[in-house]
Number of protein chains: 2
Amino acid sequence: MAIHKKEEFSQREQDLAAFAKALSHPARIAILKVLAQKNECICGELVDVLPLAQSTVSQHLKELKIAGLINGTVDGPRSCYCINWKAFEKFMSEFSFLFNKLKVQNEKACC
Amino acid sequence: MAIHKKEEFSQREQDLAAFAKALSHPARIAILKVLAQKNECICGELVDVLPLAQSTVSQHLKELKIAGLINGTVDGPRSCYCINWKAFEKFMSEFSFLFNKLKVQNEKACC
DNA sequence: TTTTCTTATCGTATATTTGCGATAAAGGAT
DNA sequence: ATCCTTTATCGCAAATATACGATAAGAAAA
């Protein structure tokens, strides 16, 4: 492949793509679901619920954290995670904005 | 890796992840933007606008089509693409639904 | 028919993602 | 201090994704 082309797109496009990428695995969707239901959750609870090894769950959590979609705090020997609603809302509204803005322009039928 | 774990998640989770995956590359976000602005668009126009080779653009279009986010019709020697608003809207509302449903439950601060 | 134009697909190289076991690190319990 | 519990990280293997040039395939034009 040799060359990274992602940087040649606008920052906005890259940000939206990064947000979508964080959501692009069913395990991460499932993690967000559990976090939303329980409000907050320690890593071990997620491991119990998901069909994945502890190290794999930890890795998905890391990706969600890097993407800014969840917060994590150390609680003794445990790690407590919860959804970063602010970031989540920001990205979702940005998507909706893009979507709605474009949608109004052309409701007409196409190819 | 050896084993595919994706199938062990619910269909809903897999569908949402697949939708997000289709949006997880800036080139595909850019393509959707152009398609939305022009309403419909032939492949060559996209190649002119994007910093990618024709074969690469064609591949991204294929992925968007497989994901159901765009429609494509053959128009003589050209291919005309447009956004499948119905599918797009369905997925976006599904995301919003998930997001809103979960959000209402817990506005309280967490970790 | 031959040429030209447009797009899809194939083959290939490289980068990234996914997944797990093993291990480290850090706090609590004994 | 030693063990136990919990989580993060490392190292590795395999699968996917990304990107391009070359080529095929199809329609229109010469």
# chains A, B, ... in the order shown; residues from 1 in each chain; ligands from 1
>>> calpha_fit_and_write(fixed="chain B", moving="chain A", output="CSV table (one decimal) with C-alpha atoms, in the first residue's frame")
chain,number,residue,atom,x,y,z
A,1,MET,CA,-6.8,-15.1,15.0
A,2,ALA,CA,-8.4,-18.3,13.7
A,3,ILE,CA,-12.0,-17.7,15.0
A,4,HIS,CA,-14.6,-15.2,13.9
A,5,LYS,CA,-16.4,-13.8,16.9
A,6,LYS,CA,-18.6,-11.3,15.2
A,7,GLU,CA,-21.4,-13.9,14.7
A,8,GLU,CA,-21.7,-14.3,18.4
A,9,PHE,CA,-23.3,-10.9,18.8
A,10,SER,CA,-26.9,-10.0,18.0
A,11,GLN,CA,-28.1,-9.3,14.5
A,12,ARG,CA,-28.9,-5.8,15.5
A,13,GLU,CA,-25.4,-5.2,16.8
A,14,GLN,CA,-23.9,-6.7,13.7
A,15,ASP,CA,-26.1,-4.5,11.4
A,16,LEU,CA,-25.3,-1.3,13.2
A,17,ALA,CA,-21.6,-2.2,13.2
A,18,ALA,CA,-21.8,-3.0,9.4
A,19,PHE,CA,-23.4,0.4,8.8
A,20,ALA,CA,-20.7,2.2,10.9
A,21,LYS,CA,-18.0,0.2,9.0
A,22,ALA,CA,-19.3,1.5,5.7
A,23,LEU,CA,-18.8,5.0,7.0
A,24,SER,CA,-15.5,4.3,8.7
A,25,HIS,CA,-13.3,5.7,5.9
A,26,PRO,CA,-12.9,9.4,5.0
A,27,ALA,CA,-13.0,8.5,1.3
A,28,ARG,CA,-16.5,7.0,1.7
A,29,ILE,CA,-17.7,10.0,3.8
A,30,ALA,CA,-16.4,12.2,1.0
A,31,ILE,CA,-18.1,10.1,-1.6
A,32,LEU,CA,-21.5,10.4,0.2
A,33,LYS,CA,-21.0,14.1,0.6
A,34,VAL,CA,-20.4,14.6,-3.2
A,35,LEU,CA,-23.3,12.3,-4.0
A,36,ALA,CA,-25.6,14.2,-1.7
A,37,GLN,CA,-24.6,17.5,-3.2
A,38,LYS,CA,-25.0,16.5,-6.8
A,39,ASN,CA,-27.9,14.2,-6.1
A,40,GLU,CA,-26.4,11.7,-8.5
A,41,CYS,CA,-23.0,11.3,-9.9
A,42,ILE,CA,-21.0,9.2,-12.3
A,43,CYS,CA,-17.9,7.4,-11.2
A,44,GLY,CA,-15.6,9.6,-13.2
A,45,GLU,CA,-16.7,12.7,-11.5
A,46,LEU,CA,-15.8,11.2,-8.1
A,47,VAL,CA,-12.4,10.1,-9.4
A,48,ASP,CA,-11.7,13.7,-10.5
A,49,VAL,CA,-12.6,15.1,-7.1
A,50,LEU,CA,-11.0,12.5,-4.9
A,51,PRO,CA,-7.2,12.0,-4.3
A,52,LEU,CA,-7.5,8.3,-5.2
A,53,ALA,CA,-7.0,6.1,-8.3
A,54,GLN,CA,-10.0,5.0,-10.3
A,55,SER,CA,-9.8,1.5,-9.2
A,56,THR,CA,-9.7,2.5,-5.5
A,57,VAL,CA,-12.7,4.8,-5.9
A,58,SER,CA,-14.6,2.0,-7.7
A,59,GLN,CA,-13.8,-0.3,-4.7
A,60,HIS,CA,-15.1,2.2,-2.2
A,61,LEU,CA,-18.3,2.6,-4.3
A,62,LYS,CA,-18.7,-1.2,-4.3
A,63,GLU,CA,-18.5,-1.3,-0.5
A,64,LEU,CA,-21.0,1.4,-0.1
A,65,LYS,CA,-23.3,-0.4,-2.5
A,66,ILE,CA,-22.9,-3.7,-0.7
A,67,ALA,CA,-23.7,-2.0,2.6
A,68,GLY,CA,-26.9,-0.7,0.9
A,69,LEU,CA,-26.0,3.0,1.4
A,70,ILE,CA,-26.0,3.9,-2.3
A,71,ASN,CA,-27.7,2.8,-5.5
A,72,GLY,CA,-25.9,2.3,-8.8
A,73,THR,CA,-27.3,2.0,-12.3
A,74,VAL,CA,-25.5,1.5,-15.6
A,75,ASP,CA,-25.9,4.3,-18.0
A,76,GLY,CA,-24.3,3.4,-21.3
A,77,PRO,CA,-20.6,3.1,-20.7
A,78,ARG,CA,-21.0,5.0,-17.4
A,79,SER,CA,-22.2,4.1,-14.0
A,80,CYS,CA,-24.5,6.5,-12.1
A,81,TYR,CA,-24.6,6.5,-8.4
A,82,CYS,CA,-26.8,8.1,-5.8
A,83,ILE,CA,-27.5,7.8,-2.1
A,84,ASN,CA,-30.1,5.3,-1.0
A,85,TRP,CA,-31.8,7.7,1.4
A,86,LYS,CA,-34.3,5.1,2.6
A,87,ALA,CA,-31.5,2.8,3.9
A,88,PHE,CA,-29.5,5.7,5.2
A,89,GLU,CA,-32.4,7.1,7.1
A,90,LYS,CA,-33.3,3.6,8.5
A,91,PHE,CA,-29.8,3.2,9.9
A,92,MET,CA,-29.5,6.7,11.2
A,93,SER,CA,-32.8,6.5,13.0
A,94,GLU,CA,-31.8,3.1,14.5
A,95,PHE,CA,-28.7,4.7,15.8
A,96,SER,CA,-30.5,7.7,17.1
A,97,PHE,CA,-33.1,5.4,18.7
A,98,LEU,CA,-30.4,3.4,20.5
A,99,PHE,CA,-28.7,6.6,21.5
A,100,ASN,CA,-31.7,8.4,22.7
A,101,LYS,CA,-33.3,5.4,24.4
A,102,LEU,CA,-30.2,4.9,26.4
A,103,LYS,CA,-29.5,8.6,27.0
A,104,VAL,CA,-32.9,9.2,28.7
A,105,GLN,CA,-32.1,6.6,31.3
A,106,ASN,CA,-29.1,8.2,32.7
A,107,GLU,CA,-28.2,11.8,32.5
A,108,LYS,CA,-26.5,11.6,35.9
A,109,ALA,CA,-22.8,12.0,36.1
A,110,CYS,CA,-20.6,9.0,36.0
A,111,CYS,CA,-17.0,8.1,36.6
>>> select_by_dssp(residues="region 35-97 of chain B", states="helix (DSSP H, G or I)", output="VMD selection string")
chain B and resid 35 to 38 43 to 49 54 to 66 85 to 97
>>> write_last_selection(atoms="C-alpha atoms", output="PDB file, in the first residue's frame")
ATOM      1  CA  LEU B  35     -23.348  12.228  -4.041  1.00  0.00           C
ATOM      2  CA  ALA B  36     -25.635  14.193  -1.726  1.00  0.00           C
ATOM      3  CA  GLN B  37     -24.655  17.523  -3.233  1.00  0.00           C
ATOM      4  CA  LYS B  38     -24.999  16.430  -6.841  1.00  0.00           C
ATOM      5  CA  CYS B  43     -17.990   7.355 -11.211  1.00  0.00           C
ATOM      6  CA  GLY B  44     -15.624   9.512 -13.262  1.00  0.00           C
ATOM      7  CA  GLU B  45     -16.747  12.681 -11.527  1.00  0.00           C
ATOM      8  CA  LEU B  46     -15.865  11.157  -8.182  1.00  0.00           C
ATOM      9  CA  VAL B  47     -12.466  10.083  -9.462  1.00  0.00           C
ATOM     10  CA  ASP B  48     -11.804  13.668 -10.569  1.00  0.00           C
ATOM     11  CA  VAL B  49     -12.691  15.058  -7.154  1.00  0.00           C
ATOM     12  CA  GLN B  54      -9.974   5.016 -10.309  1.00  0.00           C
ATOM     13  CA  SER B  55      -9.757   1.441  -9.106  1.00  0.00           C
ATOM     14  CA  THR B  56      -9.689   2.544  -5.492  1.00  0.00           C
ATOM     15  CA  VAL B  57     -12.731   4.779  -5.891  1.00  0.00           C
ATOM     16  CA  SER B  58     -14.544   1.942  -7.611  1.00  0.00           C
ATOM     17  CA  GLN B  59     -13.733  -0.307  -4.673  1.00  0.00           C
ATOM     18  CA  HIS B  60     -15.076   2.191  -2.120  1.00  0.00           C
ATOM     19  CA  LEU B  61     -18.240   2.559  -4.211  1.00  0.00           C
ATOM     20  CA  LYS B  62     -18.620  -1.200  -4.201  1.00  0.00           C
ATOM     21  CA  GLU B  63     -18.413  -1.307  -0.411  1.00  0.00           C
ATOM     22  CA  LEU B  64     -20.986   1.456  -0.032  1.00  0.00           C
ATOM     23  CA  LYS B  65     -23.241  -0.390  -2.441  1.00  0.00           C
ATOM     24  CA  ILE B  66     -22.860  -3.714  -0.624  1.00  0.00           C
ATOM     25  CA  TRP B  85     -31.835   7.712   1.398  1.00  0.00           C
ATOM     26  CA  LYS B  86     -34.229   5.109   2.639  1.00  0.00           C
ATOM     27  CA  ALA B  87     -31.502   2.825   3.935  1.00  0.00           C
ATOM     28  CA  PHE B  88     -29.444   5.749   5.157  1.00  0.00           C
ATOM     29  CA  GLU B  89     -32.383   7.106   7.103  1.00  0.00           C
ATOM     30  CA  LYS B  90     -33.235   3.704   8.508  1.00  0.00           C
ATOM     31  CA  PHE B  91     -29.781   3.205   9.924  1.00  0.00           C
ATOM     32  CA  MET B  92     -29.444   6.746  11.179  1.00  0.00           C
ATOM     33  CA  SER B  93     -32.746   6.570  13.002  1.00  0.00           C
ATOM     34  CA  GLU B  94     -31.786   3.200  14.437  1.00  0.00           C
ATOM     35  CA  PHE B  95     -28.632   4.772  15.779  1.00  0.00           C
ATOM     36  CA  SER B  96     -30.493   7.784  17.095  1.00  0.00           C
ATOM     37  CA  PHE B  97     -33.063   5.487  18.676  1.00  0.00           C
TER      38      PHE B  97
END
>>> interface_residues(of="chain D", to="chain B", cutoff="12 Å", atoms="only C-alpha atoms (C1' of nucleotides)", output="PyMOL selection string")
chain D and resi 12-23+25-28
>>> write_last_selection(atoms="C-alpha atoms (C1' of nucleotides)", output="JSON list (two decimals), in the first residue's frame")
[["chain", "number", "residue", "atom", "x", "y", "z"],
["D", 12, "DC", "C1'", 2.25, -13.30, 18.17],
["D", 13, "DA", "C1'", -0.89, -15.30, 14.41],
["D", 14, "DA", "C1'", -4.45, -14.75, 11.27],
["D", 15, "DA", "C1'", -7.88, -12.08, 8.93],
["D", 16, "DT", "C1'", -9.30, -7.59, 6.69],
["D", 17, "DA", "C1'", -8.73, -3.29, 4.73],
["D", 18, "DT", "C1'", -6.44, -0.08, 1.73],
["D", 19, "DA", "C1'", -4.29, 1.21, -2.44],
["D", 20, "DC", "C1'", -2.62, 0.83, -7.02],
["D", 21, "DG", "C1'", -1.50, -0.80, -11.77],
["D", 22, "DA", "C1'", -2.91, -3.91, -15.19],
["D", 23, "DT", "C1'", -6.42, -5.89, -17.47],
["D", 25, "DA", "C1'", -15.70, -5.91, -20.32],
["D", 26, "DG", "C1'", -19.09, -3.13, -22.32],
["D", 27, "DA", "C1'", -21.03, 0.57, -24.98],
["D", 28, "DA", "C1'", -20.43, 4.31, -28.14]]
>>> interface_residues(of="chain C", to="chain B", cutoff="10 Å", atoms="only C-alpha atoms (C1' of nucleotides)", output="ChimeraX atom specification")
/C:5-9,18-20
